[in-house]
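Colleague: Starting off with a structure, shown below.
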Protein chains: 2
Amino acid sequence: MEEMDDAPEATSRQTGLDAAGSKGPATISDVAARAGVSKTTVSHVLSGRRPVSEATRRKVMRVVEEMGFQQNFFALGLSGRRSQTVALVVQDLTNPFYPALARGLQQAVGKRDHVVLLADVGAGTPPIEAFLNEAVQRRVDGVVVAAVDVPDRMLEPLLASGARVVTVGSPRHGTSTDVVSSDDGRIAADAVAHLYSQGHRTMGVISGPVRVAPGSARLDGYRQALRDHGLRPLRAAEAVGDWTRESGAKAMNLLMDLERRPTAVFCANDLMAIGALDSARSLGLSVPSDVAVLGVDDIDAAGLVSPSLTTVRVPAQEIGRVAGELLLARMDDPTGTPRRVLVQHHLVHRESA
Amino acid sequence: MEEMDDAPEATSRQTGLDAAGSKGPATISDVAARAGVSKTTVSHVLSGRRPVSEATRRKVMRVVEEMGFQQNFFALGLSGRRSQTVALVVQDLTNPFYPALARGLQQAVGKRDHVVLLADVGAGTPPIEAFLNEAVQRRVDGVVVAAVDVPDRMLEPLLASGARVVTVGSPRHGTSTDVVSSDDGRIAADAVAHLYSQGHRTMGVISGPVRVAPGSARLDGYRQALRDHGLRPLRAAEAVGDWTRESGAKAMNLLMDLERRPTAVFCANDLMAIGALDSARSLGLSVPSDVAVLGVDDIDAAGLVSPSLTTVRVPAQEIGRVAGELLLARMDDPTGTPRRVLVQHHLVHRESA
DNA sequence: CTCCGAACGCAAACCGGTTTGTAAGCAAGG
DNA sequence: CCTTGCTTACAAACCGGTTTGCGTTCGGAG
């Protein structure tokens, strides 16, 4: 307070009128006027694209602080810059995986003052294409696509506009982008390893549909893991579900009917595992003593059902974080071949296995 | 196609070079040149702020279609317009209530070509203030605040910037905004009515903390409902939890120890209700024959635990939808007193009550 | 002392729209 | 025939930044 009552006082008085007082937020011209330099110089100080003498730099920065000047978002965008925005396209926001991913993404890009534009494909409105077009218009810096319903074709205008793209899940065929995903093969392997360590030697599996990547990768991983432990994967002990609780129960019924009944069942997701628990209960089998059940995902309900579900947690939040970091890295350096990052899962040991 | 070979041809030829061919997307000048009118006229056709002759309008629109012209987002913003963006601030995105709300909001505002900027307070990064400042900068049209951690003070710059605000939950004291929330009193009343209709005459309640609105409102609603059914609320049968599963179990233990043991317990949320189920199981009581349990929220797990939980569903998605509609309505007509909308919940009848 | 290059700062043009003030064309009224 | 009034379209200024090209100033070398 005291310090302001010296030399700059006269200046601050006169500019105070039209800068702080009357019109809205301060503009670059206000700053320039008050600092006694030109707009150009202020711009250079702020962007650092051209050298400015230390004295001038200081003087300008002080005024910037004083006036609380912030560059106008639209003016910035209009003169060719990008928008400090990343778009996130998710398949289905009501699936808890995606909110966690969104949070991780926000954390990562927030550190660099970027903001997240959200699109939930599952909402139906507006159509994805409209959203992606909007993203181009707003010159987003990057897009994270975590939705199978977005074909390569739709991403092309985006890439053409200079935005970076990161895909979550399996790599795309047509367009090559950075990819981040879970390591489905190892998830299955770790699950099997756990069951084996608990003494189980006769295992079964409830797999997801094999035509999609996580389905087949987890099934393959399971088979390979059995072999690695010196066990033979039995075709009969492989049931297929469609990720739903009901399909899990049905599959479990089949497995429990087998001649060589498995003492442990690896389920490719938690929902099917919960279905398997339903089935076990209705058959009068107790879990885990009669049969152990292990899931994948660690959804909320996994800890709430009883017996609580032992499961392999896929760290959605970290996937989001990594996606954000890949995006930022690409923005700094757009060259180089596409990267693929596998995030580390871990086993959550509860009661069911 | 054929039609293009007449008068405008010469013009379209020369502009075709630098409009469609070389540089990026078409600008308003390109359109003007090709349509043989001025920028001004094109602008008026597009915005409809001044009358334009039907013939000119048609001509311009045809060219707009042909060239796939879209107004530049930044230029639009720079010349004083708002940004076709609404911001959503949520308390904790990993709580399934909020993603559902987000979806509803997207559906509502998407119909008017608005896009959703997301901020998850729970993520910690970036700080809320930074996000809200960013919202002001980007001149968002509106903000939906569904987060208790956002005090009035922080909203002021936003309101000053002309953005509309809708609060989800309880009304604010200082600033008056539109509000949308569930009807907590009636939720409790409907729950009690259901239990009553199942023949229960001795009830208990596991309430949330009474210093927050949904906690006290649900407790009050419960008491009033008892009286409305000619029953006397017993102080002893009122336990208080903190919304967690553990607190629910503890409270249930208390209630089941009572001399006049309740045959039915209304829990102010599902998590505590699941805790109550834990307690009942460990006490060897069967639900619902020995004691009925009823929750509020209808979280995913409600359908997955066993016995599955009868609960009152708070329609988060509809809350989001309504919030979006209130926002749009306010943009059309900023005048009028703040509105408060209560959304309709409904009872989901499962096994536990 | 003169000349040269580097360092520094400025004016003006530009990004792509909107908005205001005004001119031109035309029909109806005095 | 000349206003008057209305419709329609345009040129120019403006929003708030960035970027380019150029003129000054200054220190050091010739």
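Chain labels follow the order of the structure tokens: the first chain is A, the next B, and so on; residue numbering restarts at 1 in every chain, and ligands are counted from 1 in their shown order.
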Could you give the RMSD, in Å, left over when chain A is least-squares superposed onto chain B across all Cα atoms paired sequentially?

Modeller: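 Result of the CA superposition: 0.8 Å.
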
Colleague: Only residues of chain D matter here; which ones have an atom within 6 Å of chain A, counting only C-alpha atoms (C1' of nucleotides)? Give them as a list of chain:residue names.

Modeller: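 Residues passing the distance filter: D:DG16, D:DG17, D:DT18.
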
Colleague: Given the selection you just returned, output its residues as a file containing all heavy atoms, formatted as a tab-separated table (two decimals), in the first residue's frame.

Modeller:
chain	number	residue	atom	x	y	z
D	16	DG	P	-12.05	-5.25	-25.87
D	16	DG	OP1	-12.58	-5.60	-24.53
D	16	DG	OP2	-11.72	-3.86	-26.19
D	16	DG	O5'	-10.74	-6.13	-26.12
D	16	DG	C5'	-10.80	-7.53	-25.92
D	16	DG	C4'	-9.52	-8.16	-26.42
D	16	DG	O4'	-9.47	-8.03	-27.86
D	16	DG	C3'	-8.24	-7.51	-25.90
D	16	DG	O3'	-7.31	-8.53	-25.61
D	16	DG	C2'	-7.76	-6.70	-27.09
D	16	DG	C1'	-8.17	-7.63	-28.21
D	16	DG	N9	-8.22	-7.01	-29.52
D	16	DG	C8	-8.47	-5.70	-29.82
D	16	DG	N7	-8.44	-5.45	-31.10
D	16	DG	C5	-8.15	-6.67	-31.69
D	16	DG	C6	-7.99	-7.02	-33.05
D	16	DG	O6	-8.08	-6.30	-34.04
D	16	DG	N1	-7.71	-8.38	-33.21
D	16	DG	C2	-7.59	-9.28	-32.17
D	16	DG	N2	-7.32	-10.53	-32.50
D	16	DG	N3	-7.74	-8.95	-30.89
D	16	DG	C4	-8.02	-7.64	-30.73
D	17	DG	P	-6.17	-8.22	-24.54
D	17	DG	OP1	-6.74	-8.34	-23.22
D	17	DG	OP2	-5.50	-6.97	-24.94
D	17	DG	O5'	-5.18	-9.45	-24.79
D	17	DG	C5'	-4.05	-9.31	-25.63
D	17	DG	C4'	-4.22	-10.17	-26.87
D	17	DG	O4'	-5.07	-9.47	-27.77
D	17	DG	C3'	-2.93	-10.42	-27.64
D	17	DG	O3'	-2.33	-11.61	-27.17
D	17	DG	C2'	-3.40	-10.58	-29.07
D	17	DG	C1'	-4.72	-9.79	-29.11
D	17	DG	N9	-4.66	-8.53	-29.85
D	17	DG	C8	-4.81	-7.27	-29.33
D	17	DG	N7	-4.78	-6.34	-30.25
D	17	DG	C5	-4.59	-7.03	-31.43
D	17	DG	C6	-4.49	-6.56	-32.76
D	17	DG	O6	-4.53	-5.39	-33.16
D	17	DG	N1	-4.29	-7.59	-33.68
D	17	DG	C2	-4.23	-8.93	-33.34
D	17	DG	N2	-4.05	-9.77	-34.34
D	17	DG	N3	-4.34	-9.38	-32.11
D	17	DG	C4	-4.51	-8.38	-31.21
D	18	DT	P	-0.76	-11.80	-27.45
D	18	DT	OP1	-0.38	-13.07	-26.83
D	18	DT	OP2	-0.08	-10.55	-27.08
D	18	DT	O5'	-0.64	-11.96	-29.04
D	18	DT	C5'	-1.12	-13.14	-29.66
D	18	DT	C4'	-0.71	-13.14	-31.12
D	18	DT	O4'	-1.16	-11.93	-31.76
D	18	DT	C3'	0.80	-13.20	-31.36
D	18	DT	O3'	1.00	-14.08	-32.46
D	18	DT	C2'	1.17	-11.77	-31.70
D	18	DT	C1'	-0.08	-11.31	-32.43
D	18	DT	N1	-0.36	-9.84	-32.38
D	18	DT	C2	-0.49	-9.16	-33.56
D	18	DT	O2	-0.37	-9.68	-34.65
D	18	DT	N3	-0.77	-7.83	-33.42
D	18	DT	C4	-0.93	-7.12	-32.22
D	18	DT	O4	-1.19	-5.93	-32.23
D	18	DT	C5	-0.77	-7.91	-31.03
D	18	DT	C7	-0.93	-7.27	-29.69
D	18	DT	C6	-0.50	-9.22	-31.16

Colleague: Using only C-alpha atoms (C1' of nucleotides), find the residues of chain C whose closest atom to chain A is at most 12 Å away, then write them as a PyMOL selection string.

Modeller: chain C and resi 6-12+14-17

Colleague: Let's have the selection written as a compact mmCIF listing (two decimals), in the first residue's frame, with C-alpha atoms (C1' of nucleotides).

Modeller:
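Once written, out.txt looks like this:
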# COMPACT_ATOMS: atom_id res chain seq x y z
C1' DA C 6 22.89 -6.07 -32.51
C1' DA C 7 19.41 -5.02 -29.35
C1' DC C 8 15.18 -2.95 -28.59
C1' DG C 9 10.77 -0.90 -29.25
C1' DC C 10 7.01 0.86 -32.24
C1' DA C 11 3.32 1.47 -35.88
C1' DA C 12 0.50 -0.92 -38.75
C1' DC C 14 -3.98 -8.93 -39.63
C1' DC C 15 -7.08 -12.77 -37.53
C1' DG C 16 -12.76 -13.20 -38.67
C1' DG C 17 -16.45 -11.87 -37.23

Colleague: Got a sec: who's within 6 Å of range 119-124 of chain A, counting only C-alpha atoms (C1' of nucleotides), leaving out chain neighbours fewer than 5 positions off, as a PyMOL selection string?

Modeller: (chain A and resi 89-93) or (chain B and resi 103)

Colleague: So that I have them on file, write out the residues from the current selection with N, CA and C atoms, as a PDB file, in the first residue's frame.

Modeller:
ATOM      1  N   VAL A  89     -13.823 -37.752 -24.996  1.00  0.00           N
ATOM      2  CA  VAL A  89     -14.996 -38.444 -25.514  1.00  0.00           C
ATOM      3  C   VAL A  89     -15.072 -39.807 -24.856  1.00  0.00           C
ATOM      4  N   VAL A  90     -16.114 -40.037 -24.085  1.00  0.00           N
ATOM      5  CA  VAL A  90     -16.245 -41.329 -23.413  1.00  0.00           C
ATOM      6  C   VAL A  90     -17.457 -42.098 -23.927  1.00  0.00           C
ATOM      7  N   GLN A  91     -17.349 -43.400 -23.808  1.00  0.00           N
ATOM      8  CA  GLN A  91     -18.392 -44.261 -24.335  1.00  0.00           C
ATOM      9  C   GLN A  91     -19.665 -44.166 -23.502  1.00  0.00           C
ATOM     10  N   ASP A  92     -19.508 -44.175 -22.192  1.00  0.00           N
ATOM     11  CA  ASP A  92     -20.686 -44.280 -21.334  1.00  0.00           C
ATOM     12  C   ASP A  92     -20.345 -43.778 -19.941  1.00  0.00           C
ATOM     13  N   LEU A  93     -20.737 -42.568 -19.679  1.00  0.00           N
ATOM     14  CA  LEU A  93     -20.336 -41.912 -18.437  1.00  0.00           C
ATOM     15  C   LEU A  93     -20.912 -42.593 -17.199  1.00  0.00           C
TER      16      LEU A  93
ATOM     17  N   ARG B 103     -24.611 -36.295 -17.621  1.00  0.00           N
ATOM     18  CA  ARG B 103     -25.247 -36.788 -18.839  1.00  0.00           C
ATOM     19  C   ARG B 103     -26.544 -36.039 -19.115  1.00  0.00           C
TER      20      ARG B 103
END

Colleague: Write out as a ChimeraX atom specification every residue belonging to chain A that has an atom at most 9 Å from any atom of chain B, counting only C-alpha atoms.

Modeller: /A:70-79,93-100,102-104,106-111,113,115-120,122-127,130-131,134,137-139,245,271,274-275,278,300-302,304-306

Colleague: For the atom pair C1' of DT4 in chain D and CA of Val42 in chain B, what is the interatomic distance in Å to one decimal place?

Modeller: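 Computing the Euclidean distance for C1' of DT4 in chain D and CA of Val42 in chain B yields 29.5 Å.
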
Colleague: Record the distance separating CA of Val291 in chain A and CA of Asp257 in chain A, expressed in Å with one decimal.

Modeller: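 Computed distance, CA of Val291 in chain A to CA of Asp257 in chain A, equals 12.6 Å.
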
Colleague: Could you tell me how far CA of Ala188 in chain B sits from CA of Phe266 in chain B, in Å to one decimal place?

Modeller: 8.0 Å

Colleague: Env of DG29 in chain C: 10 Å cut, atoms = only C-alpha atoms (C1' of nucleotides), seq-sep filter 2 positions within chain, self excluded. Answer as a PyMOL selection string.

Modeller: (chain C and resi 27) or (chain D and resi 3-5)

Colleague: Those residues with all heavy atoms, as a tab-separated table (two decimals), in the first residue's frame please?

Modeller:
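Contents of again-v6.tsv, as written:
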chain	number	residue	atom	x	y	z
C	27	DA	P	-41.21	1.00	-57.34
C	27	DA	OP1	-41.48	-0.28	-58.03
C	27	DA	OP2	-40.99	2.24	-58.13
C	27	DA	O5'	-42.37	1.26	-56.29
C	27	DA	C5'	-42.42	0.47	-55.10
C	27	DA	C4'	-43.26	1.19	-54.06
C	27	DA	O4'	-42.49	2.31	-53.51
C	27	DA	C3'	-44.55	1.81	-54.64
C	27	DA	O3'	-45.63	1.54	-53.76
C	27	DA	C2'	-44.25	3.30	-54.74
C	27	DA	C1'	-43.20	3.52	-53.65
C	27	DA	N9	-42.22	4.54	-54.00
C	27	DA	C8	-41.59	4.69	-55.20
C	27	DA	N7	-40.76	5.71	-55.26
C	27	DA	C5	-40.86	6.28	-53.98
C	27	DA	C6	-40.24	7.40	-53.41
C	27	DA	N6	-39.35	8.16	-54.04
C	27	DA	N1	-40.56	7.70	-52.13
C	27	DA	C2	-41.46	6.92	-51.49
C	27	DA	N3	-42.11	5.85	-51.94
C	27	DA	C4	-41.77	5.58	-53.21
D	3	DT	P	-37.22	19.18	-52.86
D	3	DT	OP1	-37.12	20.61	-52.55
D	3	DT	OP2	-36.14	18.49	-53.60
D	3	DT	O5'	-37.49	18.39	-51.52
D	3	DT	C5'	-38.18	17.13	-51.54
D	3	DT	C4'	-39.35	17.16	-50.57
D	3	DT	O4'	-40.43	16.41	-51.15
D	3	DT	C3'	-39.02	16.51	-49.24
D	3	DT	O3'	-39.80	17.09	-48.19
D	3	DT	C2'	-39.38	15.05	-49.48
D	3	DT	C1'	-40.53	15.14	-50.49
D	3	DT	N1	-40.43	14.08	-51.55
D	3	DT	C2	-41.36	13.06	-51.53
D	3	DT	O2	-42.26	12.99	-50.73
D	3	DT	N3	-41.20	12.15	-52.54
D	3	DT	C4	-40.23	12.13	-53.52
D	3	DT	O4	-40.20	11.25	-54.37
D	3	DT	C5	-39.27	13.22	-53.47
D	3	DT	C7	-38.18	13.29	-54.48
D	3	DT	C6	-39.42	14.13	-52.49
D	4	DT	P	-39.41	16.79	-46.67
D	4	DT	OP1	-40.11	17.78	-45.82
D	4	DT	OP2	-37.93	16.68	-46.63
D	4	DT	O5'	-40.02	15.36	-46.38
D	4	DT	C5'	-41.43	15.17	-46.50
D	4	DT	C4'	-41.76	13.70	-46.30
D	4	DT	O4'	-41.54	12.96	-47.53
D	4	DT	C3'	-40.93	13.01	-45.22
D	4	DT	O3'	-41.81	12.42	-44.28
D	4	DT	C2'	-40.10	11.97	-45.97
D	4	DT	C1'	-40.98	11.72	-47.20
D	4	DT	N1	-40.24	11.24	-48.41
D	4	DT	C2	-40.75	10.17	-49.12
D	4	DT	O2	-41.75	9.58	-48.81
D	4	DT	N3	-40.00	9.81	-50.23
D	4	DT	C4	-38.84	10.41	-50.68
D	4	DT	O4	-38.27	10.00	-51.70
D	4	DT	C5	-38.37	11.52	-49.89
D	4	DT	C7	-37.11	12.25	-50.28
D	4	DT	C6	-39.07	11.88	-48.80
D	5	DG	P	-41.27	11.66	-43.00
D	5	DG	OP1	-42.27	11.83	-41.92
D	5	DG	OP2	-39.85	12.06	-42.79
D	5	DG	O5'	-41.31	10.14	-43.48
D	5	DG	C5'	-42.50	9.61	-44.08
D	5	DG	C4'	-42.27	8.16	-44.43
D	5	DG	O4'	-41.52	8.09	-45.68
D	5	DG	C3'	-41.45	7.39	-43.39
D	5	DG	O3'	-42.04	6.12	-43.22
D	5	DG	C2'	-40.06	7.29	-44.00
D	5	DG	C1'	-40.40	7.23	-45.49
D	5	DG	N9	-39.34	7.69	-46.38
D	5	DG	C8	-38.48	8.75	-46.18
D	5	DG	N7	-37.65	8.93	-47.18
D	5	DG	C5	-37.98	7.94	-48.09
D	5	DG	C6	-37.43	7.64	-49.36
D	5	DG	O6	-36.52	8.21	-49.95
D	5	DG	N1	-38.08	6.54	-49.96
D	5	DG	C2	-39.11	5.84	-49.39
D	5	DG	N2	-39.57	4.83	-50.11
D	5	DG	N3	-39.63	6.11	-48.20
D	5	DG	C4	-39.02	7.17	-47.62

Colleague: Based on DSSP run over this structure's backbone, return all residues of range 87-262 of chain B in helix (DSSP H, G or I), as a PyMOL selection string.

Modeller: chain B and resi 97-110+121-123+128-137+152-160+184-197+213-228+235-237+245-256

Colleague: What's the 12 Å shell around DG21 in chain C, counting only C-alpha atoms (C1' of nucleotides), without same-chain residues fewer than 4 positions away, as a tab-separated table (two decimals) with all heavy atoms, in the first residue's frame?

Modeller:
chain	number	residue	atom	x	y	z
D	10	DC	P	-23.99	-5.56	-50.76
D	10	DC	OP1	-23.47	-5.94	-52.08
D	10	DC	OP2	-24.10	-6.58	-49.70
D	10	DC	O5'	-23.12	-4.34	-50.22
D	10	DC	C5'	-23.17	-3.11	-50.92
D	10	DC	C4'	-22.49	-2.03	-50.10
D	10	DC	O4'	-23.31	-1.68	-48.97
D	10	DC	C3'	-21.13	-2.44	-49.52
D	10	DC	O3'	-20.17	-1.49	-49.90
D	10	DC	C2'	-21.34	-2.47	-48.01
D	10	DC	C1'	-22.48	-1.47	-47.85
D	10	DC	N1	-23.29	-1.72	-46.64
D	10	DC	C2	-23.37	-0.73	-45.66
D	10	DC	O2	-22.75	0.33	-45.83
D	10	DC	N3	-24.12	-0.96	-44.55
D	10	DC	C4	-24.77	-2.12	-44.42
D	10	DC	N4	-25.50	-2.29	-43.32
D	10	DC	C5	-24.70	-3.14	-45.41
D	10	DC	C6	-23.95	-2.91	-46.49
D	11	DA	P	-18.64	-1.93	-50.07
D	11	DA	OP1	-18.27	-1.87	-51.49
D	11	DA	OP2	-18.43	-3.18	-49.31
D	11	DA	O5'	-17.92	-0.74	-49.28
D	11	DA	C5'	-18.49	0.57	-49.36
D	11	DA	C4'	-18.00	1.40	-48.19
D	11	DA	O4'	-18.84	1.15	-47.03
D	11	DA	C3'	-16.57	1.14	-47.75
D	11	DA	O3'	-15.99	2.38	-47.41
D	11	DA	C2'	-16.73	0.20	-46.55
D	11	DA	C1'	-18.05	0.69	-45.95
D	11	DA	N9	-18.85	-0.34	-45.28
D	11	DA	C8	-19.05	-1.63	-45.66
D	11	DA	N7	-19.86	-2.31	-44.87
D	11	DA	C5	-20.22	-1.39	-43.90
D	11	DA	C6	-21.07	-1.47	-42.78
D	11	DA	N6	-21.72	-2.59	-42.43
D	11	DA	N1	-21.21	-0.37	-42.02
D	11	DA	C2	-20.55	0.74	-42.37
D	11	DA	N3	-19.73	0.95	-43.41
D	11	DA	C4	-19.61	-0.16	-44.14
D	12	DA	P	-14.48	2.45	-46.88
D	12	DA	OP1	-13.95	3.75	-47.34
D	12	DA	OP2	-13.79	1.18	-47.23
D	12	DA	O5'	-14.69	2.51	-45.31
D	12	DA	C5'	-15.68	3.41	-44.77
D	12	DA	C4'	-15.63	3.36	-43.25
D	12	DA	O4'	-16.46	2.27	-42.77
D	12	DA	C3'	-14.25	3.12	-42.66
D	12	DA	O3'	-14.16	3.85	-41.45
D	12	DA	C2'	-14.23	1.63	-42.41
D	12	DA	C1'	-15.68	1.41	-41.96
D	12	DA	N9	-16.19	0.06	-42.13
D	12	DA	C8	-15.84	-0.87	-43.07
D	12	DA	N7	-16.49	-2.01	-42.97
D	12	DA	C5	-17.34	-1.80	-41.90
D	12	DA	C6	-18.29	-2.61	-41.28
D	12	DA	N6	-18.57	-3.86	-41.68
D	12	DA	N1	-18.97	-2.10	-40.22
D	12	DA	C2	-18.70	-0.84	-39.82
D	12	DA	N3	-17.81	0.02	-40.34
D	12	DA	C4	-17.16	-0.53	-41.37
D	13	DA	P	-12.80	3.99	-40.67
D	13	DA	OP1	-12.43	5.42	-40.74
D	13	DA	OP2	-11.87	2.93	-41.12
D	13	DA	O5'	-13.24	3.67	-39.16
D	13	DA	C5'	-14.50	4.13	-38.68
D	13	DA	C4'	-14.93	3.31	-37.48
D	13	DA	O4'	-15.44	2.03	-37.91
D	13	DA	C3'	-13.79	3.01	-36.49
D	13	DA	O3'	-14.29	3.14	-35.17
D	13	DA	C2'	-13.41	1.58	-36.84
D	13	DA	C1'	-14.78	1.00	-37.19
D	13	DA	N9	-14.74	-0.19	-38.02
D	13	DA	C8	-13.92	-0.45	-39.08
D	13	DA	N7	-14.13	-1.63	-39.64
D	13	DA	C5	-15.17	-2.17	-38.90
D	13	DA	C6	-15.86	-3.39	-38.97
D	13	DA	N6	-15.61	-4.32	-39.89
D	13	DA	N1	-16.84	-3.60	-38.07
D	13	DA	C2	-17.10	-2.65	-37.16
D	13	DA	N3	-16.52	-1.47	-36.98
D	13	DA	C4	-15.55	-1.29	-37.90

Colleague: Fewer than 4 positions away in the same chain doesn't count, so skip those; otherwise give me all residues within 8 Å of Pro288 in chain B, counting only C-alpha atoms (C1' of nucleotides), as a PDB file with all heavy atoms, in the first residue's frame.

Modeller:
ATOM      1  N   ALA B 292     -37.006 -55.074   7.999  1.00  0.00           N
ATOM      2  CA  ALA B 292     -36.942 -54.536   6.643  1.00  0.00           C
ATOM      3  C   ALA B 292     -35.971 -53.360   6.621  1.00  0.00           C
ATOM      4  O   ALA B 292     -35.856 -52.617   7.590  1.00  0.00           O
ATOM      5  CB  ALA B 292     -38.315 -54.092   6.188  1.00  0.00           C
ATOM      6  N   VAL B 293     -35.275 -53.209   5.495  1.00  0.00           N
ATOM      7  CA  VAL B 293     -34.319 -52.105   5.359  1.00  0.00           C
ATOM      8  C   VAL B 293     -34.593 -51.368   4.060  1.00  0.00           C
ATOM      9  O   VAL B 293     -34.784 -51.993   3.009  1.00  0.00           O
ATOM     10  CB  VAL B 293     -32.866 -52.632   5.365  1.00  0.00           C
ATOM     11  CG1 VAL B 293     -31.889 -51.513   5.020  1.00  0.00           C
ATOM     12  CG2 VAL B 293     -32.524 -53.258   6.704  1.00  0.00           C
ATOM     13  N   GLU B 351     -35.794 -56.476  -2.757  1.00  0.00           N
ATOM     14  CA  GLU B 351     -36.060 -57.507  -1.759  1.00  0.00           C
ATOM     15  C   GLU B 351     -36.049 -57.052  -0.308  1.00  0.00           C
ATOM     16  O   GLU B 351     -36.719 -57.636   0.531  1.00  0.00           O
ATOM     17  CB  GLU B 351     -35.028 -58.646  -1.907  1.00  0.00           C
ATOM     18  CG  GLU B 351     -35.061 -59.322  -3.267  1.00  0.00           C
ATOM     19  CD  GLU B 351     -33.834 -60.207  -3.512  1.00  0.00           C
ATOM     20  OE1 GLU B 351     -32.915 -60.218  -2.650  1.00  0.00           O
ATOM     21  OE2 GLU B 351     -33.789 -60.874  -4.557  1.00  0.00           O
ATOM     22  N   SER B 352     -35.317 -56.029   0.017  1.00  0.00           N
ATOM     23  CA  SER B 352     -35.033 -55.754   1.423  1.00  0.00           C
ATOM     24  C   SER B 352     -36.159 -55.077   2.216  1.00  0.00           C
ATOM     25  O   SER B 352     -36.041 -54.881   3.416  1.00  0.00           O
ATOM     26  CB  SER B 352     -33.771 -54.889   1.534  1.00  0.00           C
ATOM     27  OG  SER B 352     -34.066 -53.581   1.111  1.00  0.00           O
ATOM     28  N   ALA B 353     -37.220 -54.684   1.515  1.00  0.00           N
ATOM     29  CA  ALA B 353     -38.329 -54.052   2.233  1.00  0.00           C
ATOM     30  C   ALA B 353     -39.591 -54.055   1.373  1.00  0.00           C
ATOM     31  O   ALA B 353     -39.498 -54.125   0.150  1.00  0.00           O
ATOM     32  CB  ALA B 353     -37.997 -52.627   2.618  1.00  0.00           C
TER      33      ALA B 353
END

Colleague: So that I can check the secondary structure, give me every residue of range 7-220 of chain A assigned strand (DSSP E or B) by backbone DSSP, as number ranges by chain.

Modeller: A: 85-90, 115-120, 142-146, 164-168, 178-182, 203-207

Colleague: Env of Pro151 in chain B: 12 Å cut, atoms = only C-alpha atoms (C1' of nucleotides), seq-sep filter 4 positions within chain, self excluded. Answer as a PyMOL selection string.

Modeller: chain B and resi 128-129+132+145-147+155-156+167+171-175
